[in-house]
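Enquirer: So here's final_7.cif, just mmCIF, C-alpha atoms and all ligand atoms:
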```
data_model
#
loop_
_atom_site.label_atom_id
_atom_site.label_comp_id
_atom_site.auth_asym_id
_atom_site.auth_seq_id
_atom_site.Cartn_x
_atom_site.Cartn_y
_atom_site.Cartn_z
CA MET A 297 5.76 8.66 10.59
CA ILE A 298 7.69 6.78 7.88
CA SER A 299 10.76 4.88 9.13
CA VAL A 300 13.58 4.67 6.64
CA ALA A 301 16.84 2.72 6.67
CA ILE A 302 19.89 3.93 4.78
CA LEU A 303 22.26 1.27 3.42
CA GLY A 304 25.74 2.76 2.95
CA PHE A 305 26.88 5.98 4.62
CA GLY A 306 29.34 7.14 1.96
CA VAL A 307 29.09 10.27 -0.17
CA VAL A 308 25.48 9.77 -1.33
CA GLY A 309 24.22 8.01 1.82
CA SER A 310 25.42 10.83 4.08
CA GLY A 311 24.01 13.33 1.57
CA CYS A 312 20.63 11.62 1.80
CA ALA A 313 20.66 11.94 5.61
CA GLU A 314 21.56 15.62 5.19
CA VAL A 315 18.73 16.32 2.74
CA LEU A 316 16.18 14.49 4.92
CA THR A 317 17.30 16.52 7.95
CA GLN A 318 17.91 19.94 6.45
CA ASN A 319 14.69 20.03 4.45
CA LYS A 320 12.59 18.09 6.96
CA ASP A 321 9.72 20.60 6.82
CA LEU A 322 9.46 20.47 3.03
CA ILE A 323 9.63 16.70 3.05
CA ARG A 324 6.94 16.45 5.76
CA ALA A 325 4.68 18.71 3.70
CA ALA A 326 5.28 16.64 0.55
CA CYS A 327 4.72 13.28 2.29
CA GLY A 328 2.01 14.26 4.74
CA SER A 329 4.07 12.79 7.59
CA ASP A 330 7.59 12.85 9.01
CA VAL A 331 10.33 10.73 7.45
CA GLU A 332 12.58 9.36 10.19
CA ILE A 333 16.00 7.77 9.64
CA LYS A 334 15.75 4.75 11.92
CA TYR A 335 18.91 2.92 10.85
CA ILE A 336 22.08 3.54 8.89
CA LEU A 337 23.90 0.38 7.82
CA ASP A 338 27.64 0.64 7.31
CA LEU A 339 30.76 -1.35 8.17
CA ARG A 340 32.20 1.74 9.85
CA ASP A 341 31.19 3.73 12.93
CA PHE A 342 30.69 7.49 12.74
CA PRO A 343 31.11 8.65 16.37
CA ASP A 344 31.24 12.35 15.42
CA SER A 345 28.19 12.26 13.19
CA PRO A 346 24.79 13.53 14.40
CA PHE A 347 23.49 10.18 13.06
CA ALA A 348 25.96 8.10 15.14
CA LYS A 349 23.18 6.49 17.20
CA SER A 350 21.38 5.20 14.11
CA VAL A 351 24.40 3.29 12.79
CA VAL A 352 24.10 -0.52 12.78
CA HIS A 353 26.36 -3.19 11.28
CA ASP A 354 23.88 -6.03 10.92
CA PHE A 355 21.53 -5.96 7.92
CA ASN A 356 19.17 -8.41 9.64
CA ILE A 357 18.16 -5.73 12.16
CA ILE A 358 16.77 -3.71 9.27
CA VAL A 359 15.15 -6.43 7.22
CA ASN A 360 13.46 -7.93 10.29
CA ASP A 361 12.10 -4.63 11.63
CA PRO A 362 8.45 -4.28 10.55
CA GLU A 363 8.54 -0.55 11.31
CA VAL A 364 10.95 0.03 8.41
CA SER A 365 8.83 0.28 5.28
CA LEU A 366 11.39 1.97 3.04
CA VAL A 367 15.07 1.29 2.43
CA ALA A 368 17.46 3.61 0.58
CA GLU A 369 20.35 1.61 -0.87
CA MET A 370 23.45 3.71 -1.60
CA MET A 371 26.17 1.12 -1.02
CA GLY A 372 27.56 1.00 -4.55
CA GLY A 373 28.77 -2.18 -6.22
CA SER A 374 26.64 -5.20 -7.10
CA HIS A 375 27.20 -7.28 -3.97
CA PRO A 376 25.85 -7.40 -1.35
CA ALA A 377 23.65 -4.50 -2.54
CA TYR A 378 21.69 -6.81 -4.88
CA GLU A 379 21.11 -9.47 -2.19
CA PHE A 380 20.07 -6.83 0.37
CA THR A 381 17.68 -5.23 -2.13
CA LYS A 382 16.09 -8.59 -2.90
CA ALA A 383 15.68 -9.39 0.78
CA CYS A 384 14.04 -6.01 1.47
CA LEU A 385 11.60 -6.34 -1.44
CA GLN A 386 10.71 -9.89 -0.38
CA ALA A 387 10.12 -8.57 3.16
CA GLY A 388 7.60 -6.08 1.76
CA LYS A 389 9.81 -3.01 1.99
CA SER A 390 10.10 -0.56 -0.90
CA VAL A 391 13.64 0.20 -2.04
CA VAL A 392 15.08 3.34 -3.62
CA THR A 393 18.63 3.47 -4.93
CA SER A 394 21.36 5.45 -6.62
CA ASN A 395 23.19 2.22 -7.47
CA LYS A 396 23.41 2.08 -11.27
CA GLU A 397 25.41 -1.13 -11.20
CA VAL A 398 22.59 -3.02 -9.49
CA VAL A 399 19.86 -1.44 -11.63
CA ALA A 400 21.76 -2.08 -14.89
CA ASN A 401 22.51 -5.70 -14.01
CA PHE A 402 19.43 -6.79 -12.09
CA GLY A 403 16.83 -4.05 -12.59
CA ALA A 404 14.31 -6.14 -14.56
CA GLU A 405 14.33 -8.90 -11.95
CA LEU A 406 14.08 -6.43 -9.05
CA LEU A 407 11.19 -4.54 -10.65
CA ALA A 408 9.32 -7.83 -11.09
CA LEU A 409 10.05 -8.78 -7.49
CA ALA A 410 8.77 -5.40 -6.25
CA GLU A 411 5.59 -5.90 -8.28
CA GLN A 412 5.06 -9.41 -6.84
CA ASN A 413 5.44 -8.06 -3.30
CA GLY A 414 3.25 -4.99 -3.80
CA VAL A 415 6.07 -2.53 -3.15
CA SER A 416 8.17 -0.13 -5.24
CA TYR A 417 11.69 -0.20 -6.61
CA LEU A 418 12.70 3.31 -7.74
CA PHE A 419 16.10 4.50 -9.00
CA GLU A 420 15.87 8.13 -10.12
CA ALA A 421 19.41 8.87 -8.86
CA SER A 422 20.97 6.12 -10.97
CA VAL A 423 21.13 8.24 -14.13
CA GLY A 424 22.06 11.90 -14.34
CA GLY A 425 22.72 12.43 -10.61
CA GLY A 426 20.36 15.20 -9.50
CA ILE A 427 18.59 15.63 -12.85
CA PRO A 428 14.93 14.58 -12.71
CA VAL A 429 15.15 12.60 -15.94
CA LEU A 430 13.98 9.02 -15.33
CA ARG A 431 10.59 9.84 -13.79
CA SER A 432 10.08 12.34 -16.62
CA ILE A 433 10.61 9.50 -19.11
CA TYR A 434 8.35 6.90 -17.52
CA VAL A 435 5.66 9.29 -16.31
CA ASP A 436 5.61 12.53 -18.28
CA LEU A 437 6.71 11.09 -21.62
CA ALA A 438 4.75 7.84 -21.27
CA SER A 439 2.61 8.70 -24.30
CA ASN A 440 5.69 9.00 -26.50
CA ARG A 441 7.55 6.41 -28.50
CA ILE A 442 11.18 7.34 -27.90
CA GLY A 443 13.40 6.72 -30.90
CA GLU A 444 16.80 7.98 -29.80
CA VAL A 445 18.63 9.22 -26.74
CA ASN A 446 22.05 10.85 -26.48
CA GLY A 447 23.61 12.00 -23.26
CA ILE A 448 26.57 13.14 -21.28
CA LEU A 449 26.01 10.64 -18.50
CA ASN A 450 29.18 10.72 -16.43
CA GLY A 451 30.11 13.76 -14.36
CA THR A 452 33.69 12.70 -13.69
CA THR A 453 34.68 12.37 -17.35
CA ASN A 454 32.89 15.57 -18.31
CA TYR A 455 34.72 17.33 -15.49
CA ILE A 456 38.05 15.93 -16.77
CA LEU A 457 37.41 16.85 -20.43
CA THR A 458 36.27 20.35 -19.45
CA SER A 459 39.35 20.93 -17.25
CA MET A 460 41.64 19.70 -20.06
CA LYS A 461 39.96 22.06 -22.53
CA GLU A 462 39.46 25.17 -20.42
CA SER A 463 42.44 25.10 -18.05
CA GLY A 464 44.90 22.83 -19.86
CA THR A 465 44.86 20.55 -16.79
CA SER A 466 46.44 17.13 -17.28
CA PHE A 467 44.16 14.09 -17.34
CA ASP A 468 45.59 12.74 -14.07
CA ASP A 469 45.29 16.04 -12.18
CA ALA A 470 41.71 16.52 -13.36
CA LEU A 471 40.80 12.98 -12.28
CA ARG A 472 42.32 13.56 -8.84
CA ALA A 473 40.25 16.74 -8.45
CA ALA A 474 37.07 14.85 -9.46
CA GLN A 475 37.84 12.23 -6.82
CA ARG A 476 38.39 14.93 -4.17
CA LEU A 477 35.03 16.49 -5.06
CA GLY A 478 33.23 13.14 -4.55
CA TYR A 479 32.25 12.70 -8.22
CA ALA A 480 34.25 9.58 -9.11
CA GLU A 481 33.36 5.97 -8.42
CA ALA A 482 35.29 4.06 -5.72
CA ASN A 483 37.27 2.63 -8.64
CA PRO A 484 37.49 5.54 -11.11
CA ALA A 485 38.32 3.13 -13.95
CA ALA A 486 34.54 2.64 -14.20
CA ASP A 487 34.24 6.37 -14.98
CA VAL A 488 37.18 6.91 -17.35
CA GLU A 489 36.72 3.63 -19.22
CA GLY A 490 33.05 4.37 -19.87
CA LEU A 491 31.51 1.54 -17.84
CA ASP A 492 29.55 3.85 -15.54
CA ALA A 493 28.07 5.61 -18.59
CA ALA A 494 27.29 2.21 -20.17
CA ARG A 495 25.31 1.20 -17.08
CA LYS A 496 23.31 4.42 -17.42
CA VAL A 497 22.72 3.74 -21.13
CA ALA A 498 21.45 0.28 -20.15
CA ILE A 499 18.94 1.85 -17.75
CA LEU A 500 17.88 4.45 -20.32
CA CYS A 501 17.27 1.64 -22.84
CA GLY A 502 15.07 -0.02 -20.23
CA LEU A 503 12.95 3.08 -19.71
CA CYS A 504 12.97 4.43 -23.27
CA PHE A 505 12.53 1.14 -25.17
CA GLY A 506 11.27 -1.26 -22.48
CA LYS A 507 14.35 -3.49 -22.80
CA LEU A 508 17.22 -3.50 -20.29
CA ILE A 509 20.43 -4.13 -22.24
CA ALA A 510 23.21 -5.95 -20.39
CA PRO A 511 26.13 -3.48 -20.01
CA ALA A 512 28.36 -6.15 -21.60
CA ASP A 513 26.28 -5.83 -24.79
CA ILE A 514 26.94 -2.09 -25.01
CA HIS A 515 29.96 -1.16 -27.11
CA THR A 516 32.01 0.90 -24.66
CA GLU A 517 35.03 3.16 -25.13
CA GLY A 518 36.31 5.54 -22.45
CA ILE A 519 38.35 8.72 -22.53
CA THR A 520 41.77 7.43 -21.47
CA ALA A 521 43.21 7.76 -24.99
CA ILE A 522 42.08 11.40 -25.40
CA SER A 523 45.02 13.81 -25.32
CA GLY A 524 45.16 17.55 -24.70
CA LYS A 525 46.01 17.89 -28.41
CA ASP A 526 42.82 16.03 -29.44
CA VAL A 527 40.83 18.42 -27.28
CA SER A 528 42.44 21.56 -28.75
CA ASP A 529 42.25 20.23 -32.35
CA ALA A 530 38.55 19.56 -31.89
CA ALA A 531 38.01 23.11 -30.62
CA GLN A 532 39.88 24.46 -33.66
CA MET A 533 37.47 22.58 -35.94
CA GLY A 534 34.42 23.87 -34.03
CA TYR A 535 33.71 20.79 -31.93
CA ALA A 536 33.90 19.74 -28.27
CA ILE A 537 34.96 16.22 -27.30
CA LYS A 538 32.39 14.64 -24.98
CA LEU A 539 31.86 11.11 -23.68
CA ILE A 540 28.46 10.35 -25.19
CA GLY A 541 26.08 7.55 -24.33
CA HIS A 542 23.87 6.79 -27.32
CA ALA A 543 20.92 4.47 -27.83
CA ASP A 544 18.41 4.20 -30.62
CA CYS A 545 15.65 1.81 -31.48
CA LYS A 546 14.84 1.29 -35.15
CA ASP A 547 12.36 -1.35 -36.34
CA GLY A 548 12.49 -2.92 -32.88
CA LYS A 549 16.29 -3.30 -32.92
CA ILE A 550 18.36 -1.41 -30.36
CA THR A 551 21.84 0.02 -30.86
CA ALA A 552 23.60 1.18 -27.70
CA LEU A 553 27.10 2.50 -27.29
CA VAL A 554 29.33 4.76 -25.22
CA SER A 555 32.29 6.53 -26.79
CA PRO A 556 34.03 9.88 -26.94
CA ARG A 557 32.51 11.97 -29.73
CA MET A 558 33.16 15.18 -31.55
CA VAL A 559 30.07 17.25 -30.73
CA PRO A 560 29.41 20.26 -32.99
CA MET A 561 29.01 23.57 -31.19
CA SER A 562 25.47 23.75 -32.61
CA ASN A 563 24.46 20.74 -30.48
CA PRO A 564 23.40 21.80 -26.93
CA LEU A 565 25.38 18.87 -25.43
CA SER A 566 28.61 20.59 -26.59
CA GLY A 567 28.16 23.40 -24.06
CA ILE A 568 27.70 21.18 -21.00
CA SER A 569 30.69 21.74 -18.73
CA GLY A 570 32.25 20.34 -15.60
CA VAL A 571 30.28 17.84 -13.54
CA PHE A 572 27.03 18.70 -15.34
CA ASN A 573 25.21 16.06 -17.40
CA GLY A 574 22.69 16.40 -20.20
CA VAL A 575 20.25 13.96 -21.72
CA LEU A 576 18.75 14.76 -25.12
CA LEU A 577 15.98 12.53 -26.36
CA ASN A 578 13.42 12.48 -29.08
CA GLY A 579 9.82 11.44 -28.50
CA ASN A 580 7.51 10.92 -31.47
CA MET A 581 4.90 13.29 -30.03
CA VAL A 582 6.92 15.82 -28.04
CA GLY A 583 9.96 16.11 -30.34
CA ASP A 584 13.36 16.91 -28.86
CA VAL A 585 13.60 17.29 -25.07
CA MET A 586 16.74 18.04 -23.10
CA PHE A 587 17.41 17.47 -19.39
CA TYR A 588 20.33 19.27 -17.78
CA GLY A 589 21.81 19.45 -14.29
CA PRO A 590 24.49 18.21 -11.90
CA GLY A 591 25.36 14.63 -12.85
CA ALA A 592 27.24 13.62 -9.70
CA GLY A 593 28.04 14.84 -6.21
CA LYS A 594 26.72 14.35 -2.72
CA LEU A 595 23.67 16.60 -2.39
CA PRO A 596 22.49 16.60 -6.04
CA THR A 597 22.45 12.78 -6.13
CA ALA A 598 20.87 12.64 -2.67
CA SER A 599 18.18 15.06 -3.88
CA ALA A 600 17.14 12.47 -6.48
CA VAL A 601 17.16 9.66 -3.91
CA VAL A 602 14.92 11.71 -1.63
CA ALA A 603 12.58 12.42 -4.57
CA ASP A 604 11.97 8.66 -4.74
CA ILE A 605 11.54 8.48 -0.96
CA ILE A 606 8.90 11.22 -1.16
CA ASP A 607 7.20 9.47 -4.09
CA ILE A 608 6.79 6.35 -1.96
CA ALA A 609 6.23 7.97 1.44
CA SER A 610 3.52 10.24 0.05
CA GLY A 611 1.63 7.13 -0.97
CA LYS A 612 2.20 7.64 -4.67
CA GLY A 613 4.97 5.00 -4.72
CA GLY A 614 5.05 5.15 -8.47
CA THR A 615 1.27 4.72 -8.58
CA VAL A 616 1.03 7.35 -11.32
CA LYS A 617 3.10 4.95 -13.37
CA LYS A 618 5.86 2.68 -12.15
CA PRO A 619 9.06 2.15 -14.08
CA HIS A 620 8.87 -1.09 -16.02
CA PHE A 621 11.16 -3.06 -18.33
CA VAL A 622 12.29 -6.59 -19.10
CA ASN A 623 15.71 -7.95 -20.01
CA ALA A 624 16.66 -7.58 -23.68
CA THR A 625 17.40 -10.73 -25.66
CA ALA A 626 19.87 -11.14 -28.55
CA ASP A 627 16.93 -10.64 -30.91
CA ASP A 628 16.41 -7.08 -29.60
CA LEU A 629 19.93 -5.96 -30.53
CA ALA A 630 20.94 -4.40 -33.86
CA ASP A 631 24.14 -5.48 -35.62
CA PHE A 632 26.72 -3.02 -34.25
CA ALA A 633 28.90 -3.28 -37.39
CA ALA A 634 26.08 -1.56 -39.29
CA TYR A 635 25.91 1.41 -36.89
CA SER A 636 26.38 4.53 -38.94
CA CYS A 637 27.26 8.12 -38.04
CA ALA A 638 29.51 10.95 -39.23
CA ARG A 639 33.19 10.43 -38.41
CA TYR A 640 36.32 12.35 -37.51
CA PHE A 641 39.70 11.04 -38.71
CA ARG A 642 43.25 12.24 -38.39
CA PHE A 643 45.31 10.71 -41.19
CA GLU A 644 49.06 10.44 -41.53
CA ASN A 645 48.70 10.76 -45.31
CA SER A 646 48.91 13.48 -47.92
CA LEU A 647 45.77 15.41 -48.85
CA SER A 648 45.72 13.81 -52.30
CA GLU A 649 45.91 10.30 -50.79
CA VAL A 650 43.02 11.14 -48.44
CA ASN A 651 40.93 12.65 -51.23
CA ALA A 652 41.58 9.65 -53.49
CA VAL A 653 40.09 7.29 -50.90
CA LEU A 654 37.41 9.42 -49.26
CA GLY A 655 36.25 11.33 -52.36
CA GLU A 656 32.95 13.05 -51.74
CA ARG A 657 32.66 11.53 -48.28
CA ALA A 658 35.17 14.12 -46.99
CA GLY A 659 33.53 17.21 -45.49
CA HIS A 660 35.47 19.62 -43.27
CA ILE A 661 39.25 19.20 -43.92
CA LEU A 662 42.12 20.64 -41.87
CA CYS A 663 45.77 20.16 -42.97
CA GLU A 664 48.37 20.78 -40.29
CA ASP A 665 51.80 19.49 -39.22
CA GLY A 666 51.81 16.75 -41.88
CA TYR A 667 48.40 15.44 -40.79
CA VAL A 668 45.05 15.67 -42.54
CA SER A 669 42.04 15.94 -40.24
CA VAL A 670 38.62 15.26 -41.73
CA ILE A 671 35.03 15.39 -40.55
CA THR A 672 33.06 13.28 -43.00
CA ALA A 673 30.17 14.81 -44.89
CA VAL A 674 28.18 11.58 -44.75
CA PRO A 675 27.57 8.88 -42.14
CA MET A 676 29.88 5.86 -42.27
CA SER A 677 29.27 2.46 -40.71
CA GLU A 678 31.65 0.66 -38.35
CA ASN A 679 32.37 -1.75 -41.23
CA GLU A 680 33.25 1.09 -43.60
CA VAL A 681 35.57 2.61 -40.97
CA ALA A 682 37.39 -0.72 -40.57
CA GLU A 683 37.80 -0.93 -44.33
CA LEU A 684 39.11 2.65 -44.51
CA ALA A 685 41.80 1.81 -41.95
CA THR A 686 43.22 -0.76 -44.37
CA ARG A 687 43.71 1.93 -47.03
CA LEU A 688 44.85 4.99 -45.06
CA LYS A 689 47.04 5.55 -41.98
CA VAL A 690 44.45 6.49 -39.37
CA CYS A 691 46.21 7.91 -36.29
CA SER A 692 43.04 9.14 -34.58
CA ALA A 693 39.36 8.42 -35.16
CA MET A 694 36.20 9.40 -33.38
CA ARG A 695 32.47 9.29 -33.93
CA VAL A 696 30.71 12.60 -34.53
CA LEU A 697 27.35 13.43 -32.96
N1 LIG B 1 30.87 8.56 -10.85
C1 LIG B 1 29.61 8.98 -11.34
C2 LIG B 1 29.81 10.16 -12.26
C3 LIG B 1 28.71 9.35 -10.19
O1 LIG B 1 30.90 10.75 -12.26
O2 LIG B 1 28.90 10.51 -13.02
C4 LIG B 1 27.28 9.65 -10.56
O3 LIG B 1 26.65 8.55 -11.13
#
```
Represent the structure from my file as structure tokens, please.
Expert:
Amino acid sequence: MISVAILGFGVVGSGCAEVLTQNKDLIRAACGSDVEIKYILDLRDFPDSPFAKSVVHDFNIIVNDPEVSLVAEMMGGSHPAYEFTKACLQAGKSVVTSNKEVVANFGAELLALAEQNGVSYLFEASVGGGIPVLRSIYVDLASNRIGEVNGILNGTTNYILTSMKESGTSFDDALRAAQRLGYAEANPAADVEGLDAARKVAILCGLCFGKLIAPADIHTEGITAISGKDVSDAAQMGYAIKLIGHADCKDGKITALVSPRMVPMSNPLSGISGVFNGVLLNGNMVGDVMFYGPGAGKLPTASAVVADIIDIASGKGGTVKKPHFVNATADDLADFAAYSCARYFRFENSLSEVNAVLGERAGHILCEDGYVSVITAVPMSENEVAELATRLKVCSAMRVL
């Protein structure tokens, strides 16, 4: 029998209890023994829940109980989740989590602490919700040097952008629906302003390149400035607007950013709708690999948490290969001003003015309502874009994938 404690009985925590109960037989077969929920830590009581008797309010009961060998942290937020995680690892308990904020901010330290104490710290659910992507990177793709990763990493914003495109729903209505469905963070600003996706990019950098980038070092733009008109214009030009997390590592220097992008219909990320996420990466041996599935939501995210529980409870505990990374230093980061990619611009200029400045850099051009929309034929750096804005009236600009 493996005794588990759940920290946080919100959307994902209650989902975890549901998965462990509903699929008990499968989990027993995978682990070779039963997995029992001994405690659930929350500030609230849940008198109508079948787990009511397991609810405790004092963390010390859990950390001091030698029977609890595994703790599933699904509290959200950095504090006290970070302190509780540290205390559990120091007490010789393995920890699994869906908490991207803690992993992105403290993951390198917590992995080292787990190693020192001979236990595991696993966080499959922290990126891509229910998609089995992280273990695939650090186990199945371990023989690959990963050069680049692009992903739709936030279910809430993808749900909003899809609703705006397919049903003409307003931004606010779509966000409210995402909150009702349990996709959004407690403070949905983290979703719509791109911070949640930046935390996931940080974790992906850790696993793909061995260096955990501080979220503050990731250039981050959200989707709050995207209008229904932007979405329909993009569709007219053969693109979908998606919030894309990007990271690449060239000559040992990492570039990481999150921003809305025009994604051409030929790119498989363009077709990912609703709460679904996709992660597209390139390994130097395997080539392009894409992971796809539900990126948020109670049971999908809980499914990934339970995958980590099974990994540990079955005795594997990441013994095939544990996740490992260290904190990035300033020396690991590329100069963001030099980051180069194709661009979309909407200019409030005449076609001849645009052509005079852009010349052969202009690719696909659309003239409409006094505006000139352009997808560039060549990549342009952040510096070049800033310079362009001094010569033309740019009323909308976006990176292109
Ligand atoms: N708020 C997050 C999202 C939850 O919408 O993707 C899953 O990490």
Enquirer: If you take all atoms listed in the file and a cut-off of 10 Å, which residues of chain A touch ligand LIG 1 (chain B), and what are their nearest atom pairs and distances in Å to one decimal, in chain and number order, as a tab-separated table?
Expert:
```
residue	atom	partner	partner_atom	distance
A:Val308	CA	B:LIG1	C4	9.4
A:Ser394	CA	B:LIG1	O3	7.6
A:Asn395	CA	B:LIG1	O3	8.1
A:Lys396	CA	B:LIG1	O3	7.2
A:Glu397	CA	B:LIG1	O3	9.8
A:Ala421	CA	B:LIG1	O3	7.6
A:Ser422	CA	B:LIG1	O3	6.2
A:Val423	CA	B:LIG1	O3	6.3
A:Gly424	CA	B:LIG1	O3	6.5
A:Gly425	CA	B:LIG1	C4	5.3
A:Gly426	CA	B:LIG1	C4	8.9
A:Ile448	CA	B:LIG1	O2	9.0
A:Leu449	CA	B:LIG1	O2	6.2
A:Asn450	CA	B:LIG1	O2	3.4
A:Gly451	CA	B:LIG1	O2	3.7
A:Thr452	CA	B:LIG1	O1	3.7
A:Thr453	CA	B:LIG1	O1	6.5
A:Asn454	CA	B:LIG1	O1	8.0
A:Tyr455	CA	B:LIG1	O1	8.3
A:Ile456	CA	B:LIG1	O1	9.9
A:Ala474	CA	B:LIG1	O1	7.9
A:Gln475	CA	B:LIG1	N1	8.8
A:Gly478	CA	B:LIG1	N1	8.1
A:Tyr479	CA	B:LIG1	O1	4.7
A:Ala480	CA	B:LIG1	N1	3.9
A:Glu481	CA	B:LIG1	N1	4.3
A:Ala482	CA	B:LIG1	N1	8.1
A:Asn483	CA	B:LIG1	N1	9.0
A:Pro484	CA	B:LIG1	N1	7.3
A:Ala485	CA	B:LIG1	N1	9.7
A:Ala486	CA	B:LIG1	N1	7.7
A:Asp487	CA	B:LIG1	N1	5.8
A:Val488	CA	B:LIG1	O1	8.9
A:Leu491	CA	B:LIG1	N1	9.9
A:Asp492	CA	B:LIG1	C1	6.6
A:Ala493	CA	B:LIG1	O2	7.5
A:Arg495	CA	B:LIG1	O3	9.6
A:Lys496	CA	B:LIG1	O3	8.2
A:Val571	CA	B:LIG1	O1	7.2
A:Phe572	CA	B:LIG1	O2	8.7
A:Asn573	CA	B:LIG1	O2	8.0
A:Pro590	CA	B:LIG1	O2	8.9
A:Gly591	CA	B:LIG1	O2	5.4
A:Ala592	CA	B:LIG1	C4	4.1
A:Gly593	CA	B:LIG1	C3	6.8
A:Lys594	CA	B:LIG1	C4	9.2
A:Pro596	CA	B:LIG1	C4	9.6
A:Thr597	CA	B:LIG1	C4	7.3
```
Enquirer: For A:Glu420, which residue among A:Phe643, A:Val391, A:Gly443, A:Gly666 is the nearest when counting all atoms listed in the file?
Expert: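 The closest residue to A:Glu420 is A:Val391.
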Enquirer: Taking into account only C-alpha atoms, which residue in the set A:Ala633, A:Ala638, A:Asp330, A:Val690 is nearest to A:Val650?
Expert: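 Checking each of A:Ala633, A:Ala638, A:Asp330, A:Val690 against A:Val650, counting only C-alpha atoms, the winner is A:Val690.
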Enquirer: Which residues are close to stretch 541-546 of chain A, i.e. within 9 Å by all atoms listed in the file, leaving aside same-chain residues fewer than 2 positions away? Reply as a PyMOL selection string.
Expert: chain A and resi 442-449+490+493-494+496-498+500-501+505+516+539+548-556+629-630
Enquirer: Can you tell me, as a VMD selection string, which residues sit within 10 Å of (21.4, 13.0, 4.2) in the file's frame, using all atoms listed in the file?
Expert: chain A and resid 302 305 307 to 319 333 347 594 to 595 598 to 599 601 to 602
Enquirer: Kindly indicate which residue among A:Val575, A:Ala400, A:Met561, A:Leu654 lies nearest to A:Pro511, using all atoms listed in the file for the distances.
Expert: A:Ala400
Enquirer: Find the residue from A:Ala530, A:Ile671, A:Ile537, A:Leu697 that sits nearest to A:Ser636; use all atoms listed in the file when measuring.
Expert: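 Under the stated criterion, the closest residue is A:Leu697.
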Enquirer: With only C-alpha atoms counted, which protein, DNA or RNA residues have an atom no more than 12 Å from (3.8, -8.6, -5.0) in the file frame? Please answer as a PDB file with C-alpha atoms, in the frame of the given file.
Expert:
```pdb
ATOM      1  CA  LEU A 385      11.600  -6.340  -1.440  1.00  0.00           C
ATOM      2  CA  GLN A 386      10.710  -9.890  -0.380  1.00  0.00           C
ATOM      3  CA  ALA A 387      10.120  -8.570   3.160  1.00  0.00           C
ATOM      4  CA  GLY A 388       7.600  -6.080   1.760  1.00  0.00           C
ATOM      5  CA  LYS A 389       9.810  -3.010   1.990  1.00  0.00           C
ATOM      6  CA  SER A 390      10.100  -0.560  -0.900  1.00  0.00           C
ATOM      7  CA  LEU A 406      14.080  -6.430  -9.050  1.00  0.00           C
ATOM      8  CA  LEU A 407      11.190  -4.540 -10.650  1.00  0.00           C
ATOM      9  CA  ALA A 408       9.320  -7.830 -11.090  1.00  0.00           C
ATOM     10  CA  LEU A 409      10.050  -8.780  -7.490  1.00  0.00           C
ATOM     11  CA  ALA A 410       8.770  -5.400  -6.250  1.00  0.00           C
ATOM     12  CA  GLU A 411       5.590  -5.900  -8.280  1.00  0.00           C
ATOM     13  CA  GLN A 412       5.060  -9.410  -6.840  1.00  0.00           C
ATOM     14  CA  ASN A 413       5.440  -8.060  -3.300  1.00  0.00           C
ATOM     15  CA  GLY A 414       3.250  -4.990  -3.800  1.00  0.00           C
ATOM     16  CA  VAL A 415       6.070  -2.530  -3.150  1.00  0.00           C
ATOM     17  CA  SER A 416       8.170  -0.130  -5.240  1.00  0.00           C
ATOM     18  CA  TYR A 417      11.690  -0.200  -6.610  1.00  0.00           C
TER      19      TYR A 417
END
```
Enquirer: Report, in Å to a single decimal, how far apart atom CA of A:Pro376 and atom CA of A:Leu430 are.
Expert: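 Between atom CA of A:Leu430 and atom CA of A:Pro376 the gap is 24.6 Å.
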Enquirer: I'd like to know which of A:Tyr535, A:Tyr434, A:Tyr635, A:Phe467 is closest to A:Ile519, using only C-alpha atoms.
Expert: A:Phe467
Enquirer: Separation of atom CA of A:Ala609 and atom CA of A:Cys327, in Å?
Expert: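 Atom CA of A:Cys327 lies 5.6 Å from atom CA of A:Ala609.
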Enquirer: How many Å lie between atom CA of A:Asn578 and atom CA of A:Asn440, rounded to one decimal?
Expert: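 Rounded to one decimal, the two atoms are 8.9 Å apart.
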Enquirer: Restricting the calculation to only C-alpha atoms: of A:Lys538, A:Lys507, A:Arg476, A:His375, which residue gets closest to A:Lys461?
Expert: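 Among the listed residues, A:Lys538 lies closest to A:Lys461.
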Enquirer: Could you get me a file of stretch 507-511 of chain A with N, CA, C and O atoms, as a short mmCIF file (atom, residue, chain, number, x, y, z; two decimals), in the first residue's frame, taken from the block above?
Expert:
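After the write, result.cif holds the following:
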```cif
data_model
loop_
_atom_site.label_atom_id
_atom_site.label_comp_id
_atom_site.auth_asym_id
_atom_site.auth_seq_id
_atom_site.Cartn_x
_atom_site.Cartn_y
_atom_site.Cartn_z
N LYS A 507 18.71 24.06 -19.17
CA LYS A 507 18.81 25.34 -18.45
C LYS A 507 17.40 25.88 -18.19
O LYS A 507 16.64 26.12 -19.14
N LEU A 508 17.08 26.07 -16.91
CA LEU A 508 15.79 26.65 -16.53
C LEU A 508 15.90 28.16 -16.62
O LEU A 508 16.70 28.78 -15.91
N ILE A 509 15.11 28.76 -17.53
CA ILE A 509 15.16 30.22 -17.71
C ILE A 509 14.17 30.85 -16.72
O ILE A 509 13.03 30.39 -16.62
N ALA A 510 14.57 31.90 -16.05
CA ALA A 510 13.62 32.59 -15.16
C ALA A 510 12.51 33.17 -16.03
O ALA A 510 12.79 33.80 -17.06
N PRO A 511 11.22 32.98 -15.65
CA PRO A 511 10.13 33.53 -16.46
C PRO A 511 10.32 35.03 -16.76
O PRO A 511 9.97 35.50 -17.84
#
```
